[in-house]
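Source file: model02.tsv (TSV, C-alpha atoms)
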```
chain	number	residue	atom	x	y	z
A	221	MET	CA	32.47	34.68	-95.26
A	222	LYS	CA	29.78	35.44	-97.82
A	223	LEU	CA	26.58	37.20	-96.74
A	224	LYS	CA	24.43	34.18	-97.58
A	225	GLN	CA	26.59	31.90	-95.43
A	226	ARG	CA	26.44	34.36	-92.55
A	227	VAL	CA	22.65	34.49	-92.74
A	228	VAL	CA	22.44	30.67	-92.72
A	229	LEU	CA	24.85	30.45	-89.78
A	230	LEU	CA	22.92	33.06	-87.81
A	231	ALA	CA	19.67	31.22	-88.50
A	232	ILE	CA	21.17	27.94	-87.24
A	233	LEU	CA	22.53	29.64	-84.12
A	234	LEU	CA	19.12	31.24	-83.47
A	235	VAL	CA	17.37	27.87	-83.71
A	236	ILE	CA	19.92	26.29	-81.36
A	237	PHE	CA	19.50	29.19	-78.91
A	238	ILE	CA	15.70	28.96	-78.90
A	239	PHE	CA	15.75	25.16	-78.55
A	240	THR	CA	18.28	25.34	-75.70
A	241	LYS	CA	16.26	28.00	-73.89
A	242	VAL	CA	12.99	26.08	-74.20
A	243	PHE	CA	14.70	22.85	-73.11
A	244	LEU	CA	16.32	24.49	-70.09
A	245	ILE	CA	13.12	26.22	-69.00
A	246	ASP	CA	11.19	22.96	-69.35
A	247	ASN	CA	13.82	21.11	-67.33
A	248	LEU	CA	13.89	23.84	-64.70
A	249	ASP	CA	10.08	23.65	-64.37
A	250	THR	CA	10.19	19.87	-64.05
A	251	SER	CA	13.06	20.08	-61.61
A	252	ALA	CA	11.22	22.66	-59.50
A	253	ALA	CA	8.11	20.45	-59.48
A	254	ASN	CA	10.17	17.43	-58.45
A	255	ARG	CA	11.84	19.44	-55.67
A	256	GLU	CA	8.41	20.51	-54.40
A	257	ASP	CA	7.28	16.86	-54.44
A	258	GLN	CA	10.35	15.95	-52.41
A	259	ARG	CA	9.71	18.74	-49.91
A	260	ALA	CA	6.08	17.65	-49.59
A	261	PHE	CA	7.24	14.08	-48.95
A	262	HIS	CA	9.62	15.20	-46.19
A	263	ARG	CA	6.85	17.32	-44.61
A	264	MET	CA	4.54	14.31	-44.64
A	265	MET	CA	7.17	12.06	-43.06
A	266	ALA	CA	7.93	14.63	-40.37
A	267	GLY	CA	4.25	14.86	-39.37
A	268	LEU	CA	3.44	11.19	-39.82
A	269	ARG	CA	3.01	10.16	-36.19
A	270	VAL	CA	-0.30	11.44	-34.84
A	271	GLU	CA	-0.56	11.45	-31.06
A	272	LEU	CA	-4.14	11.58	-29.85
A	273	VAL	CA	-4.27	14.62	-27.58
A	274	PRO	CA	-7.36	15.98	-25.79
A	275	LYS	CA	-6.80	19.73	-26.29
A	276	LEU	CA	-6.87	22.09	-29.23
A	277	ASP	CA	-4.39	24.94	-28.91
A	278	HIS	CA	-4.89	28.52	-30.08
A	279	THR	CA	-8.55	28.14	-31.10
A	280	LEU	CA	-12.05	28.30	-29.63
A	281	GLN	CA	-13.46	26.10	-32.38
A	282	SER	CA	-14.61	22.56	-31.73
A	283	PRO	CA	-12.81	19.62	-33.36
A	284	TRP	CA	-15.87	19.09	-35.56
A	285	GLU	CA	-15.84	22.67	-36.82
A	286	ILE	CA	-12.17	22.47	-37.75
A	287	ALA	CA	-12.59	19.16	-39.60
A	288	ALA	CA	-15.61	20.53	-41.49
A	289	GLN	CA	-13.66	23.61	-42.60
A	290	TRP	CA	-10.88	21.44	-43.98
A	291	VAL	CA	-13.10	19.92	-46.69
A	292	VAL	CA	-12.75	21.47	-50.16
A	293	PRO	CA	-13.50	20.04	-53.63
A	294	ARG	CA	-10.06	18.44	-54.06
A	295	GLU	CA	-9.20	17.26	-50.54
A	296	VAL	CA	-10.81	16.14	-47.28
A	297	TYR	CA	-8.01	17.51	-45.10
A	298	PRO	CA	-5.04	19.80	-45.83
A	299	GLU	CA	-1.38	18.87	-46.10
A	300	GLU	CA	-0.49	20.27	-42.68
A	301	THR	CA	-2.88	19.27	-39.90
A	302	PRO	CA	-1.60	20.18	-36.43
A	303	GLU	CA	-5.15	19.70	-35.07
A	304	LEU	CA	-5.47	16.13	-36.40
A	305	GLY	CA	-4.49	14.48	-33.11
A	306	ALA	CA	-7.14	16.42	-31.18
A	307	ILE	CA	-9.84	15.63	-33.75
A	308	MET	CA	-9.01	11.93	-33.73
A	309	HIS	CA	-8.92	11.95	-29.92
A	310	ALA	CA	-12.45	13.40	-29.94
A	311	MET	CA	-13.58	10.73	-32.40
A	312	ALA	CA	-12.16	8.01	-30.16
A	313	THR	CA	-13.45	9.32	-26.83
A	314	LYS	CA	-16.39	11.75	-27.10
A	315	LYS	CA	-19.63	10.62	-25.49
A	316	ILE	CA	-22.07	8.81	-27.77
A	317	ILE	CA	-25.45	10.57	-27.57
A	318	LYS	CA	-27.32	8.51	-30.18
A	319	ALA	CA	-26.84	5.17	-31.95
A	320	ASP	CA	-28.76	3.95	-34.98
A	321	VAL	CA	-28.52	1.37	-37.74
A	322	GLY	CA	-26.07	2.25	-40.50
A	323	TYR	CA	-26.90	3.92	-43.79
A	324	LYS	CA	-27.73	1.73	-46.80
A	325	GLY	CA	-25.17	-0.86	-47.78
A	326	THR	CA	-24.27	-4.53	-47.79
A	327	GLN	CA	-22.20	-4.66	-44.58
A	328	LEU	CA	-22.88	-4.22	-40.87
A	329	LYS	CA	-22.26	-0.76	-39.44
A	330	ALA	CA	-23.83	1.64	-36.94
A	331	LEU	CA	-24.39	5.36	-37.24
A	332	LEU	CA	-23.34	7.14	-34.05
A	333	ILE	CA	-23.79	10.76	-33.04
A	334	LEU	CA	-21.10	12.05	-30.71
A	335	GLU	CA	-21.29	14.89	-28.22
A	336	GLY	CA	-21.37	18.13	-30.19
A	337	GLY	CA	-23.60	16.63	-32.89
A	338	GLN	CA	-20.93	14.96	-35.02
A	339	LYS	CA	-21.94	11.85	-36.99
A	340	VAL	CA	-19.50	8.96	-37.30
A	341	VAL	CA	-19.80	5.51	-38.83
A	342	PHE	CA	-18.86	2.64	-36.51
A	343	LYS	CA	-17.64	-0.62	-38.07
A	344	PRO	CA	-17.23	-3.51	-35.62
A	345	LYS	CA	-14.35	-5.94	-35.36
A	346	ARG	CA	-15.07	-9.22	-37.13
A	347	TYR	CA	-11.66	-10.89	-37.41
A	348	ASN	CA	-8.46	-11.20	-35.42
A	349	ARG	CA	-5.43	-9.47	-36.96
A	350	ASP	CA	-3.85	-12.67	-38.26
A	351	TYR	CA	-7.04	-14.05	-39.83
A	352	VAL	CA	-6.73	-14.65	-43.59
A	353	VAL	CA	-9.88	-14.15	-45.68
A	354	GLU	CA	-9.93	-16.85	-48.34
A	355	GLY	CA	-11.86	-16.93	-51.60
A	356	GLU	CA	-12.67	-14.04	-53.94
A	357	PRO	CA	-10.84	-10.73	-53.39
A	358	TYR	CA	-14.10	-9.17	-52.20
A	359	ALA	CA	-15.04	-12.09	-49.89
A	360	GLY	CA	-15.72	-11.87	-46.18
A	361	TYR	CA	-16.98	-9.23	-43.79
A	362	ASP	CA	-15.75	-5.66	-43.68
A	363	ARG	CA	-12.44	-5.26	-41.81
A	364	HIS	CA	-12.60	-2.35	-39.35
A	365	ASN	CA	-8.80	-2.15	-39.07
A	366	ALA	CA	-8.58	-1.86	-42.87
A	367	GLU	CA	-10.45	1.47	-42.66
A	368	VAL	CA	-7.85	2.78	-40.21
A	369	ALA	CA	-4.91	1.57	-42.31
A	370	ALA	CA	-6.40	2.89	-45.56
A	371	PHE	CA	-6.82	6.37	-44.07
A	372	HIS	CA	-3.17	6.51	-43.08
A	373	LEU	CA	-2.07	5.19	-46.47
A	374	ASP	CA	-4.09	8.03	-48.03
A	375	ARG	CA	-2.05	10.46	-45.91
A	376	ILE	CA	1.23	8.81	-46.89
A	377	LEU	CA	0.44	8.88	-50.61
A	378	GLY	CA	-0.46	12.56	-50.34
A	379	PHE	CA	-3.93	12.05	-51.85
A	380	ARG	CA	-5.91	13.41	-48.85
A	381	ARG	CA	-9.17	12.04	-50.26
A	382	ALA	CA	-10.21	9.64	-47.48
A	383	PRO	CA	-12.38	10.73	-44.53
A	384	LEU	CA	-10.70	10.65	-41.11
A	385	VAL	CA	-10.74	7.25	-39.39
A	386	VAL	CA	-9.59	6.12	-35.95
A	387	GLY	CA	-9.96	2.97	-33.87
A	388	ARG	CA	-12.29	3.00	-30.87
A	389	PHE	CA	-13.45	0.69	-28.09
A	390	VAL	CA	-17.10	1.01	-27.12
A	391	ASN	CA	-19.07	-0.61	-24.31
A	392	LEU	CA	-22.22	-1.90	-25.96
A	393	ARG	CA	-24.10	-2.21	-22.68
A	394	THR	CA	-23.33	1.22	-21.17
A	395	GLU	CA	-22.51	3.40	-24.20
A	396	ILE	CA	-24.69	2.09	-27.05
A	397	LYS	CA	-27.83	0.36	-25.75
A	398	PRO	CA	-29.03	3.28	-23.55
A	399	VAL	CA	-28.99	5.68	-26.55
A	400	ALA	CA	-29.87	3.20	-29.32
A	401	THR	CA	-32.91	3.60	-31.53
A	402	GLU	CA	-35.53	0.88	-31.36
A	403	GLN	CA	-34.48	-0.32	-34.80
A	404	LEU	CA	-30.89	-0.89	-33.68
A	405	LEU	CA	-31.82	-2.15	-30.21
A	406	SER	CA	-34.01	-4.87	-31.71
A	407	THR	CA	-30.92	-6.46	-33.28
A	408	PHE	CA	-29.04	-6.96	-29.99
A	409	LEU	CA	-28.60	-10.43	-28.51
A	410	THR	CA	-26.32	-12.34	-26.17
A	411	VAL	CA	-24.07	-15.15	-27.34
A	412	GLY	CA	-22.47	-16.91	-24.38
A	413	ASN	CA	-21.23	-14.07	-22.15
A	414	ASN	CA	-20.82	-11.63	-25.05
A	415	THR	CA	-23.12	-8.81	-26.14
A	416	CYS	CA	-23.73	-8.87	-29.90
A	417	PHE	CA	-25.73	-7.07	-32.61
A	418	TYR	CA	-26.46	-7.69	-36.27
A	419	GLY	CA	-27.92	-4.35	-37.39
A	420	LYS	CA	-29.72	-3.68	-40.68
A	421	CYS	CA	-28.04	-4.16	-44.05
A	422	TYR	CA	-28.30	-6.28	-47.19
A	423	TYR	CA	-26.19	-9.11	-45.78
A	424	CYS	CA	-27.03	-8.62	-42.08
A	425	ARG	CA	-28.35	-11.79	-40.47
A	426	GLU	CA	-29.33	-12.68	-36.91
A	427	THR	CA	-27.24	-15.82	-37.36
A	428	GLU	CA	-24.10	-13.75	-38.12
A	429	PRO	CA	-23.88	-11.03	-35.46
A	430	ALA	CA	-20.79	-9.06	-34.50
A	431	CYS	CA	-19.90	-9.83	-30.90
A	432	ALA	CA	-18.05	-7.87	-28.25
A	433	ASP	CA	-15.53	-9.30	-25.84
A	434	GLY	CA	-18.00	-9.35	-22.98
A	435	ASP	CA	-19.51	-5.88	-23.41
A	436	THR	CA	-16.49	-4.14	-24.96
A	437	MET	CA	-16.35	-4.03	-28.73
A	438	GLU	CA	-13.38	-2.95	-30.83
A	439	GLY	CA	-14.13	-1.07	-34.03
A	440	SER	CA	-13.35	1.89	-36.24
A	441	VAL	CA	-15.10	5.24	-36.47
A	442	THR	CA	-15.14	7.22	-39.72
A	443	LEU	CA	-15.90	10.94	-39.60
A	444	TRP	CA	-19.04	11.83	-41.54
A	445	LEU	CA	-18.40	14.42	-44.23
A	446	PRO	CA	-20.18	17.79	-43.71
A	447	ASP	CA	-23.78	17.92	-44.94
A	448	VAL	CA	-22.95	21.04	-46.98
A	449	TRP	CA	-20.97	18.70	-49.25
A	450	PRO	CA	-23.62	16.25	-50.56
A	451	LEU	CA	-22.27	13.20	-52.35
A	452	GLN	CA	-22.97	11.86	-55.82
A	453	LYS	CA	-22.57	8.17	-56.61
A	454	HIS	CA	-20.96	7.00	-59.86
A	455	ARG	CA	-20.52	3.57	-61.41
A	456	HIS	CA	-16.80	2.83	-61.58
A	457	PRO	CA	-15.78	2.48	-65.25
A	458	TRP	CA	-13.57	-0.47	-64.30
A	459	GLY	CA	-16.14	-2.07	-61.99
A	460	ARG	CA	-16.94	-5.78	-61.96
A	461	THR	CA	-20.27	-7.31	-63.04
A	462	TYR	CA	-20.38	-9.68	-60.01
A	463	ARG	CA	-22.25	-12.14	-62.27
A	464	GLU	CA	-20.97	-15.62	-62.96
A	465	GLY	CA	-19.59	-15.90	-66.47
A	466	LYS	CA	-20.37	-12.26	-67.31
A	467	LEU	CA	-17.33	-10.11	-68.08
A	468	ALA	CA	-17.23	-6.35	-67.94
A	469	ARG	CA	-16.09	-4.65	-71.15
A	470	TRP	CA	-12.70	-3.67	-69.70
A	471	GLU	CA	-11.93	-7.34	-69.08
A	472	TYR	CA	-11.87	-8.19	-72.81
A	473	ASP	CA	-11.56	-4.91	-74.76
A	474	GLU	CA	-7.92	-3.77	-75.04
A	475	SER	CA	-9.01	-0.35	-76.34
A	476	TYR	CA	-11.45	0.21	-73.48
A	477	CYS	CA	-9.54	3.17	-72.03
A	478	ASP	CA	-9.88	5.03	-75.35
A	479	ALA	CA	-13.66	4.70	-75.02
A	480	VAL	CA	-13.57	5.92	-71.40
A	481	LYS	CA	-11.56	8.99	-72.44
A	482	LYS	CA	-14.43	10.02	-74.74
A	483	THR	CA	-17.01	9.82	-71.96
A	484	SER	CA	-17.85	12.51	-69.40
A	485	PRO	CA	-16.43	13.16	-66.80
A	486	TYR	CA	-13.29	11.34	-67.99
A	487	ASP	CA	-12.90	13.33	-71.21
A	488	SER	CA	-11.59	16.40	-69.35
A	489	GLY	CA	-10.51	17.49	-65.88
A	490	PRO	CA	-8.82	15.37	-63.22
A	491	ARG	CA	-11.29	12.47	-62.86
A	492	LEU	CA	-9.47	9.89	-65.00
A	493	LEU	CA	-6.21	10.57	-63.18
A	494	ASP	CA	-8.14	10.19	-59.91
A	495	ILE	CA	-9.37	6.79	-61.13
A	496	ILE	CA	-5.76	5.76	-61.76
A	497	ASP	CA	-4.59	7.08	-58.36
A	498	THR	CA	-7.43	5.08	-56.81
A	499	ALA	CA	-6.40	1.93	-58.71
A	500	VAL	CA	-2.91	2.27	-57.21
A	501	PHE	CA	-4.40	2.87	-53.74
A	502	ASP	CA	-6.79	-0.10	-54.03
A	503	TYR	CA	-4.08	-2.42	-55.34
A	504	LEU	CA	-1.80	-1.56	-52.43
A	505	ILE	CA	-4.52	-2.35	-49.87
A	506	GLY	CA	-5.94	-5.33	-51.79
A	507	ASN	CA	-9.37	-3.81	-52.38
A	508	ALA	CA	-11.13	-5.31	-55.43
A	509	ASP	CA	-14.58	-4.13	-54.37
A	510	ARG	CA	-14.80	-0.52	-55.64
A	511	HIS	CA	-17.65	-1.05	-58.12
A	512	HIS	CA	-18.96	2.46	-57.42
A	513	TYR	CA	-17.38	5.64	-56.13
A	514	GLU	CA	-18.48	9.01	-54.76
A	515	SER	CA	-17.66	12.60	-55.61
A	516	PHE	CA	-19.26	15.83	-54.48
A	517	GLN	CA	-22.49	16.76	-56.26
A	518	ASP	CA	-22.69	19.19	-59.19
A	519	ASP	CA	-18.94	19.05	-59.59
A	520	GLU	CA	-18.84	18.79	-63.41
A	521	GLY	CA	-15.94	16.38	-62.99
A	522	ALA	CA	-13.77	18.77	-60.94
A	523	SER	CA	-14.33	17.13	-57.53
A	524	MET	CA	-11.97	14.49	-56.25
A	525	LEU	CA	-12.89	10.84	-56.23
A	526	ILE	CA	-13.53	10.37	-52.51
A	527	LEU	CA	-11.94	7.25	-51.00
A	528	LEU	CA	-14.92	5.99	-49.02
A	529	ASP	CA	-15.58	2.46	-47.76
A	530	ASN	CA	-12.15	0.84	-47.78
A	531	ALA	CA	-13.00	-2.03	-45.43
A	532	LYS	CA	-12.90	-4.81	-48.05
A	533	SER	CA	-9.11	-4.67	-47.96
A	534	PHE	CA	-6.20	-6.21	-46.03
A	535	GLY	CA	-8.03	-9.55	-46.06
A	536	ASN	CA	-5.35	-11.77	-47.55
A	537	PRO	CA	-1.67	-10.72	-47.62
A	538	SER	CA	-1.01	-13.24	-50.43
A	539	LEU	CA	-3.55	-11.55	-52.70
A	540	ASP	CA	-2.06	-10.15	-55.90
A	541	GLU	CA	-5.15	-9.12	-57.86
A	542	ARG	CA	-3.51	-7.45	-60.86
A	543	SER	CA	-6.89	-6.59	-62.40
A	544	ILE	CA	-7.24	-3.82	-59.80
A	545	LEU	CA	-4.49	-2.01	-61.72
A	546	ALA	CA	-6.39	-2.26	-65.04
A	547	PRO	CA	-6.99	1.53	-65.29
A	548	LEU	CA	-3.22	2.06	-64.97
A	549	TYR	CA	-1.98	-0.55	-67.42
A	550	GLN	CA	-4.79	0.03	-69.94
A	551	CYS	CA	-4.52	3.84	-70.00
A	552	CYS	CA	-0.77	4.00	-69.27
A	553	ILE	CA	-0.92	7.43	-67.63
A	554	ILE	CA	-0.22	8.52	-64.07
A	555	ARG	CA	0.31	11.83	-62.28
A	556	VAL	CA	3.92	12.95	-61.96
A	557	SER	CA	3.29	13.74	-58.28
A	558	THR	CA	1.94	10.22	-57.67
A	559	TRP	CA	4.86	8.66	-59.53
A	560	ASN	CA	7.36	10.67	-57.50
A	561	ARG	CA	5.67	9.78	-54.21
A	562	LEU	CA	5.63	6.06	-55.06
A	563	ASN	CA	9.35	6.16	-55.83
A	564	TYR	CA	10.11	7.88	-52.52
A	565	LEU	CA	8.27	5.05	-50.73
A	566	LYS	CA	10.16	2.06	-52.18
A	567	ASN	CA	12.93	0.07	-50.43
A	568	GLY	CA	10.84	-0.53	-47.30
A	569	VAL	CA	9.95	3.12	-46.68
A	570	LEU	CA	6.21	2.52	-47.24
A	571	LYS	CA	6.01	-0.29	-44.67
A	572	SER	CA	7.94	1.77	-42.14
A	573	ALA	CA	5.82	4.88	-42.77
A	574	LEU	CA	2.54	2.99	-42.46
A	575	LYS	CA	3.64	1.31	-39.24
A	576	SER	CA	4.76	4.64	-37.79
A	577	ALA	CA	1.56	6.45	-38.81
A	578	MET	CA	-0.65	3.89	-37.04
A	579	ALA	CA	1.49	3.45	-33.93
A	580	HIS	CA	-0.65	5.71	-31.69
A	581	ASP	CA	-4.06	4.47	-32.81
A	582	PRO	CA	-6.19	3.12	-29.92
A	583	ILE	CA	-6.44	-0.31	-31.61
A	584	SER	CA	-2.71	-0.55	-32.45
A	585	PRO	CA	-1.21	-2.75	-33.82
A	586	VAL	CA	-3.61	-2.09	-36.68
A	587	LEU	CA	-2.06	-4.51	-39.20
A	588	SER	CA	-0.07	-7.71	-38.86
A	589	ASP	CA	3.44	-7.86	-40.33
A	590	PRO	CA	2.40	-10.04	-43.31
A	591	HIS	CA	0.01	-7.29	-44.44
A	592	LEU	CA	2.67	-4.60	-44.05
A	593	ASP	CA	5.11	-6.74	-46.07
A	594	ALA	CA	2.43	-7.27	-48.73
A	595	VAL	CA	1.97	-3.51	-49.21
A	596	ASP	CA	5.70	-3.14	-49.89
A	597	GLN	CA	5.62	-6.01	-52.39
A	598	ARG	CA	2.60	-4.60	-54.21
A	599	LEU	CA	4.34	-1.24	-54.50
A	600	LEU	CA	7.05	-2.95	-56.57
A	601	SER	CA	4.37	-4.27	-58.93
A	602	VAL	CA	2.93	-0.77	-59.37
A	603	LEU	CA	6.35	0.65	-60.19
A	604	ALA	CA	7.01	-2.21	-62.63
A	605	THR	CA	3.67	-1.54	-64.36
A	606	VAL	CA	4.51	2.13	-64.86
A	607	LYS	CA	7.97	1.13	-66.12
A	608	GLN	CA	6.36	-1.12	-68.75
A	609	CYS	CA	4.21	1.81	-69.86
A	610	THR	CA	7.14	4.24	-70.10
A	611	ASP	CA	9.19	1.67	-72.01
A	612	GLN	CA	6.37	1.35	-74.52
A	613	PHE	CA	5.10	4.94	-74.81
A	614	GLY	CA	7.83	7.13	-73.30
A	615	MET	CA	7.99	9.18	-70.09
A	616	ASP	CA	6.46	12.30	-71.65
A	617	THR	CA	3.29	10.42	-72.61
A	618	VAL	CA	2.85	8.38	-69.43
A	619	LEU	CA	3.74	10.93	-66.73
A	620	VAL	CA	1.07	13.63	-66.67
A	621	GLU	CA	1.61	16.95	-64.92
A	622	ASP	CA	-1.58	17.68	-63.00
A	623	ARG	CA	-1.03	20.02	-60.07
A	624	MET	CA	-4.27	21.75	-59.19
A	625	PRO	CA	-4.09	24.71	-56.79
A	626	LEU	CA	-5.95	23.88	-53.59
A	627	SER	CA	-7.83	26.58	-51.76
A	628	HIS	CA	-8.80	26.61	-48.09
A	629	LEU	CA	-10.57	29.98	-48.22
```

Produce structure tokens that represent the structure in this file.
Amino acid sequence: MKLKQRVVLLAILLVIFIFTKVFLIDNLDTSAANREDQRAFHRMMAGLRVELVPKLDHTLQSPWEIAAQWVVPREVYPEETPELGAIMHAMATKKIIKADVGYKGTQLKALLILEGGQKVVFKPKRYNRDYVVEGEPYAGYDRHNAEVAAFHLDRILGFRRAPLVVGRFVNLRTEIKPVATEQLLSTFLTVGNNTCFYGKCYYCRETEPACADGDTMEGSVTLWLPDVWPLQKHRHPWGRTYREGKLARWEYDESYCDAVKKTSPYDSGPRLLDIIDTAVFDYLIGNADRHHYESFQDDEGASMLILLDNAKSFGNPSLDERSILAPLYQCCIIRVSTWNRLNYLKNGVLKSALKSAMAHDPISPVLSDPHLDAVDQRLLSVLATVKQCTDQFGMDTVLVEDRMPLSHL
């Protein structure tokens, strides 16, 4: 073989060798990431059922101290939470030492302080489990059980961006009224044999109070995030106008996502992928009311999008509001870890996992079967939407590797 031919052959072999090596390394990295996603999924499933227990083992810290230490810029609670049952038990049972009207907002709530100084937000029961909220996707009162279900879905999806929520029964006459502020107390009334209150909020009316069954009221309590983590409010880039005949830009501009990508904080960091995770989350629960969202202050886009106020969900199991998925189908990107988790949850696994996660909640059953079935059906729509994106743009473009190291130091 001539020297020139040998040189050409060696060059070709070198190119093939380099290409093969790069391809194998890339595949090994992807494979390792997928295996870690699978292990994380199995860990989540193994720890899914949370039994509310009164004692914390191997620590002198209070439940509130442990929960506060969990919070970091990218998650509200860690992947493994052996203390979760004790913290939720405390939320559901600790003595209420003060009760006040809720913070600003459109819906009825009360701000409670539990023994040990921990703030929680109480949302009262408004509907029976099988009640269907008709009308617009954001119609009706807040659903307290939706807050409980949304928290557990956040655990199942592996996002860990929703504050802790648990169901609780409170006696309005013996637990709330004796420690209520004058402002809250002035909104109490009796309807028939039931104690009721209407609180202070934008839509709160004396003619539309929330009523207990006698004196006992069912509700949800959401753990207040630590004051050392102040929140910053942002307008959601895919929010609605809530004005008749007035469309938001994303509703008519097919290139809207390109414009969002050029705007801070969506032009770098994890925020846009958080928006898309949240669109998936909101679509699964039927929440079309996230016109704003919160992150931690001074985060320069690095903080997570915190999944607060999820009560305008699980109103109508027949709801299929595809516009909630607009960030996904307009941007056509999604985290690899989210995509993997969604695939692990198909074929009825999501419904089963959600039912299992909520089984020990004090207000169980938290959701009716039609709502559980609806979550499974909506999951199929999410997967189909991603499939359409990958068919059009390819897997490498749509599936984005975004695994940020999480520190609990």

Name the residues within 7 Å of (-16.8, -1.4, -66.1), counting only C-alpha atoms in the file's coordinates, and put them as a PDB file with C-alpha atoms, keeping the file's coordinate frame.
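Saved file part.pdb follows:
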```
ATOM      1  CA  HIS A 456     -16.800   2.830 -61.580  1.00  0.00           C
ATOM      2  CA  PRO A 457     -15.780   2.480 -65.250  1.00  0.00           C
ATOM      3  CA  TRP A 458     -13.570  -0.470 -64.300  1.00  0.00           C
ATOM      4  CA  GLY A 459     -16.140  -2.070 -61.990  1.00  0.00           C
ATOM      5  CA  ARG A 460     -16.940  -5.780 -61.960  1.00  0.00           C
ATOM      6  CA  ALA A 468     -17.230  -6.350 -67.940  1.00  0.00           C
ATOM      7  CA  ARG A 469     -16.090  -4.650 -71.150  1.00  0.00           C
ATOM      8  CA  TRP A 470     -12.700  -3.670 -69.700  1.00  0.00           C
TER       9      TRP A 470
END
```

message = Can you measure CA of Leu272 (chain A) to CA of Pro302 (chain A) for me? One decimal in Å is fine.
response =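 Taking CA of Leu272 (chain A) and CA of Pro302 (chain A), their separation equals 11.1 Å.
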
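Comparing A:Val321, A:Val340, A:Ala252, A:Leu268 by their smallest distance to Ile376 (chain A), the closest is A:Leu268 (using all atoms listed in the file).
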
remark   = re CA of Ala479 (chain A) and CA of Cys551 (chain A): distance 10.5 Å

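Nearest to Lys343 (chain A) of all the residues A:Asn563, A:Gln327, A:Ser576, A:Ser538 is A:Gln327, based on only C-alpha atoms.
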
task = Go ahead and find all residues with at least one atom no further than 10 Å from (-8.7, -8.5, -36.5) in the file's coordinates, using all atoms listed in the file; report them as a PyMOL selection string.
result = chain A and resi 344-352+363-366+438-439+535+583+585-588

Go through region 439-520 of chain A and flag each residue having an atom no more than 10 Å from region 596-606 of chain A; for those, report the closest pair of atoms plus their distance in Å to one decimal, using only C-alpha atoms, ordered by chain and rising number, as JSON lines.
```
{"residue": "A:Ala499", "atom": "CA", "partner": "A:Val602", "partner_atom": "CA", "distance": 9.7}
{"residue": "A:Val500", "atom": "CA", "partner": "A:Val602", "partner_atom": "CA", "distance": 6.9}
{"residue": "A:Phe501", "atom": "CA", "partner": "A:Leu599", "partner_atom": "CA", "distance": 9.7}
{"residue": "A:Tyr503", "atom": "CA", "partner": "A:Arg598", "partner_atom": "CA", "distance": 7.1}
{"residue": "A:Leu504", "atom": "CA", "partner": "A:Arg598", "partner_atom": "CA", "distance": 5.6}
{"residue": "A:Ile505", "atom": "CA", "partner": "A:Arg598", "partner_atom": "CA", "distance": 8.6}
{"residue": "A:Gly506", "atom": "CA", "partner": "A:Arg598", "partner_atom": "CA", "distance": 8.9}
```

Mind rebuilding region 516-524 of chain A with N, CA, C and O atoms and writing that out as a PDB file, in the coordinates of the input?
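This went into rebuild.pdb:
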```
ATOM      1  N   PHE A 516     -18.288  14.841 -54.917  1.00  0.00           N
ATOM      2  CA  PHE A 516     -19.260  15.830 -54.480  1.00  0.00           C
ATOM      3  C   PHE A 516     -20.234  16.122 -55.614  1.00  0.00           C
ATOM      4  O   PHE A 516     -19.883  16.033 -56.794  1.00  0.00           O
ATOM      5  N   GLN A 517     -21.454  16.497 -55.257  1.00  0.00           N
ATOM      6  CA  GLN A 517     -22.490  16.760 -56.260  1.00  0.00           C
ATOM      7  C   GLN A 517     -22.189  18.007 -57.078  1.00  0.00           C
ATOM      8  O   GLN A 517     -21.499  18.921 -56.622  1.00  0.00           O
ATOM      9  N   ASP A 518     -22.770  18.013 -58.306  1.00  0.00           N
ATOM     10  CA  ASP A 518     -22.690  19.190 -59.190  1.00  0.00           C
ATOM     11  C   ASP A 518     -21.260  19.657 -59.379  1.00  0.00           C
ATOM     12  O   ASP A 518     -20.973  20.849 -59.387  1.00  0.00           O
ATOM     13  N   ASP A 519     -20.367  18.710 -59.528  1.00  0.00           N
ATOM     14  CA  ASP A 519     -18.940  19.050 -59.590  1.00  0.00           C
ATOM     15  C   ASP A 519     -18.425  19.187 -61.015  1.00  0.00           C
ATOM     16  O   ASP A 519     -17.321  19.657 -61.232  1.00  0.00           O
ATOM     17  N   GLU A 520     -19.237  18.738 -61.998  1.00  0.00           N
ATOM     18  CA  GLU A 520     -18.840  18.790 -63.410  1.00  0.00           C
ATOM     19  C   GLU A 520     -17.467  18.138 -63.621  1.00  0.00           C
ATOM     20  O   GLU A 520     -16.673  18.573 -64.460  1.00  0.00           O
ATOM     21  N   GLY A 521     -17.186  17.119 -62.838  1.00  0.00           N
ATOM     22  CA  GLY A 521     -15.940  16.380 -62.990  1.00  0.00           C
ATOM     23  C   GLY A 521     -14.745  16.966 -62.277  1.00  0.00           C
ATOM     24  O   GLY A 521     -13.658  16.400 -62.326  1.00  0.00           O
ATOM     25  N   ALA A 522     -14.913  18.112 -61.584  1.00  0.00           N
ATOM     26  CA  ALA A 522     -13.770  18.770 -60.940  1.00  0.00           C
ATOM     27  C   ALA A 522     -13.502  18.241 -59.534  1.00  0.00           C
ATOM     28  O   ALA A 522     -12.398  18.364 -59.025  1.00  0.00           O
ATOM     29  N   SER A 523     -14.504  17.661 -58.887  1.00  0.00           N
ATOM     30  CA  SER A 523     -14.330  17.130 -57.530  1.00  0.00           C
ATOM     31  C   SER A 523     -13.395  15.931 -57.544  1.00  0.00           C
ATOM     32  O   SER A 523     -13.254  15.241 -58.545  1.00  0.00           O
ATOM     33  N   MET A 524     -12.779  15.705 -56.406  1.00  0.00           N
ATOM     34  CA  MET A 524     -11.970  14.490 -56.250  1.00  0.00           C
ATOM     35  C   MET A 524     -12.863  13.266 -56.218  1.00  0.00           C
ATOM     36  O   MET A 524     -14.063  13.343 -55.929  1.00  0.00           O
TER      37      MET A 524
END
```
